[in-house]
Amino acid sequence: QVQLVESGGGLVQAGGSLRLSCAGSDRIFSQNHMAWFRQAPGKQRELVARITSGGSTNYADSVKGRFTISRDNAKNTVYLQMNSLKPEDTAVYYCHGFAPLTGNNYWGQGIQVTVSS
């Protein structure tokens, strides 16, 4: 069973930065498409950013220009650099992996990000 473990969340003031990390145990991590989702209280889980196995990225409109997703396949890790944070970015952030070779989806346990005004 593949595991995804997030780290780097916490409390930050508006305008600040955080970097989330997600470490995967999958030995074929480099072939997986990875993404970050988030879920705020009372709201549906939404896609924040995605990076393919080839390195192509896309972002939700609400985070474009502020967040950057990247990956280090040698470390089996995907990152989310979050700058210019806003109170509306407050949510539980989830790492997600999709393995095209198997069709399996994997989720991390989630990590809290709180942005104070």
# chains A, B, ... in the order shown; residues from 1 in each chain; ligands from 1
$ select_by_dssp --residues "segment 50-113 of chain A" --states "strand (DSSP E)" --output "PyMOL selection string"
chain A and resi 50-51+57-59+67-72+77-82+91-99+104-107+111-113
$ residues_around --residues "Gly24 of chain A" --least-positions-apart "5" --cutoff "8 Å" --atoms "only C-alpha atoms" --output "number ranges by chain"
A: 2-5, 29, 76-77
$ residues_around --residues "segment 71-73 of chain A" --least-positions-apart "3" --cutoff "9 Å" --atoms "only C-alpha atoms" --output "mmCIF file with C-alpha atoms, in the first residue's frame"
data_model
loop_
_atom_site.group_PDB
_atom_site.id
_atom_site.type_symbol
_atom_site.label_atom_id
_atom_site.label_comp_id
_atom_site.auth_asym_id
_atom_site.auth_seq_id
_atom_site.Cartn_x
_atom_site.Cartn_y
_atom_site.Cartn_z
ATOM 1 C CA PHE A 29 6.692 7.691 -7.738
ATOM 2 C CA SER A 30 8.351 9.336 -10.719
ATOM 3 C CA GLN A 31 5.680 7.897 -13.015
ATOM 4 C CA MET A 34 0.710 14.318 -8.199
ATOM 5 C CA ILE A 51 1.966 18.231 -11.677
ATOM 6 C CA GLY A 55 6.491 18.069 -15.038
ATOM 7 C CA ASN A 76 9.888 10.769 -3.924
ATOM 8 C CA THR A 77 8.569 14.147 -2.812
ATOM 9 C CA VAL A 78 6.190 16.767 -4.161
ATOM 10 C CA TYR A 79 6.123 20.314 -2.814
ATOM 11 C CA LEU A 80 3.686 23.182 -2.668
#
$ residues_around --residues "segment 15-22 of chain A" --least-positions-apart "3" --cutoff "12 Å" --atoms "only C-alpha atoms" --output "ChimeraX atom specification"
/A:3-12,25-26,29,34-37,66-73,75-90,92-97,106-117
$ write_last_selection --atoms "C-alpha atoms" --output "short mmCIF file (atom, residue, chain, number, x, y, z; two decimals), in the first residue's frame"
data_model
loop_
_atom_site.label_atom_id
_atom_site.label_comp_id
_atom_site.auth_asym_id
_atom_site.auth_seq_id
_atom_site.Cartn_x
_atom_site.Cartn_y
_atom_site.Cartn_z
CA GLN A 3 1.60 5.97 1.62
CA LEU A 4 1.71 9.72 1.21
CA VAL A 5 2.85 11.77 4.21
CA GLU A 6 2.40 15.54 4.28
CA SER A 7 4.42 17.98 6.36
CA GLY A 8 5.02 21.71 6.62
CA GLY A 9 1.61 23.03 7.58
CA GLY A 10 0.87 25.38 10.42
CA LEU A 11 -0.24 28.87 11.37
CA VAL A 12 0.97 31.90 9.43
CA SER A 25 6.53 5.42 -0.55
CA ASP A 26 5.75 4.34 -4.10
CA PHE A 29 6.69 7.69 -7.74
CA MET A 34 0.71 14.32 -8.20
CA ALA A 35 -1.57 17.03 -6.90
CA TRP A 36 -2.56 19.11 -3.90
CA PHE A 37 -6.19 19.50 -2.90
CA ARG A 66 1.06 32.74 -5.53
CA PHE A 67 1.51 28.96 -5.29
CA THR A 68 4.07 26.75 -7.03
CA ILE A 69 3.97 22.97 -7.24
CA SER A 70 7.18 21.05 -7.88
CA ARG A 71 8.56 17.56 -7.48
CA ASP A 72 11.84 15.87 -6.69
CA ASN A 73 11.63 12.32 -7.98
CA LYS A 75 13.37 12.07 -3.03
CA ASN A 76 9.89 10.77 -3.92
CA THR A 77 8.57 14.15 -2.81
CA VAL A 78 6.19 16.77 -4.16
CA TYR A 79 6.12 20.31 -2.81
CA LEU A 80 3.69 23.18 -2.67
CA GLN A 81 5.28 26.57 -2.13
CA MET A 82 2.61 28.98 -0.93
CA ASN A 83 3.37 32.70 -0.96
CA SER A 84 1.24 35.77 -0.25
CA LEU A 85 -1.10 33.65 1.81
CA LYS A 86 -4.62 34.89 2.46
CA PRO A 87 -7.12 33.97 5.19
CA GLU A 88 -9.21 32.25 2.51
CA ASP A 89 -6.35 29.80 1.95
CA THR A 90 -7.11 28.33 5.37
CA VAL A 92 -6.79 21.12 5.31
CA TYR A 93 -4.42 20.38 2.44
CA TYR A 94 -4.24 16.90 0.98
CA CYS A 95 -1.60 15.32 -1.19
CA HIS A 96 -2.92 13.11 -3.97
CA GLY A 97 -1.21 10.69 -6.30
CA TYR A 106 -3.62 7.64 -3.22
CA TRP A 107 -4.36 10.28 -0.57
CA GLY A 108 -2.34 11.66 2.28
CA GLN A 109 -3.87 12.13 5.72
CA GLY A 110 -4.15 15.90 5.31
CA ILE A 111 -2.39 18.77 6.99
CA GLN A 112 -3.85 21.96 8.45
CA VAL A 113 -2.89 25.36 7.07
CA THR A 114 -4.28 28.35 8.94
CA VAL A 115 -3.79 31.92 7.74
CA SER A 116 -4.62 34.63 10.26
CA SER A 117 -5.70 38.12 9.22
#
$ select_by_dssp --residues "chain A" --states "helix (DSSP H, G or I)" --output "JSON, numbers by chain"
{"A": [29, 30, 31, 73, 74, 75, 87, 88, 89]}
$ atom_distance --atom1 "atom CA of Asn104 of chain A" --atom2 "atom CA of Gln1 of chain A"
10.3 Å
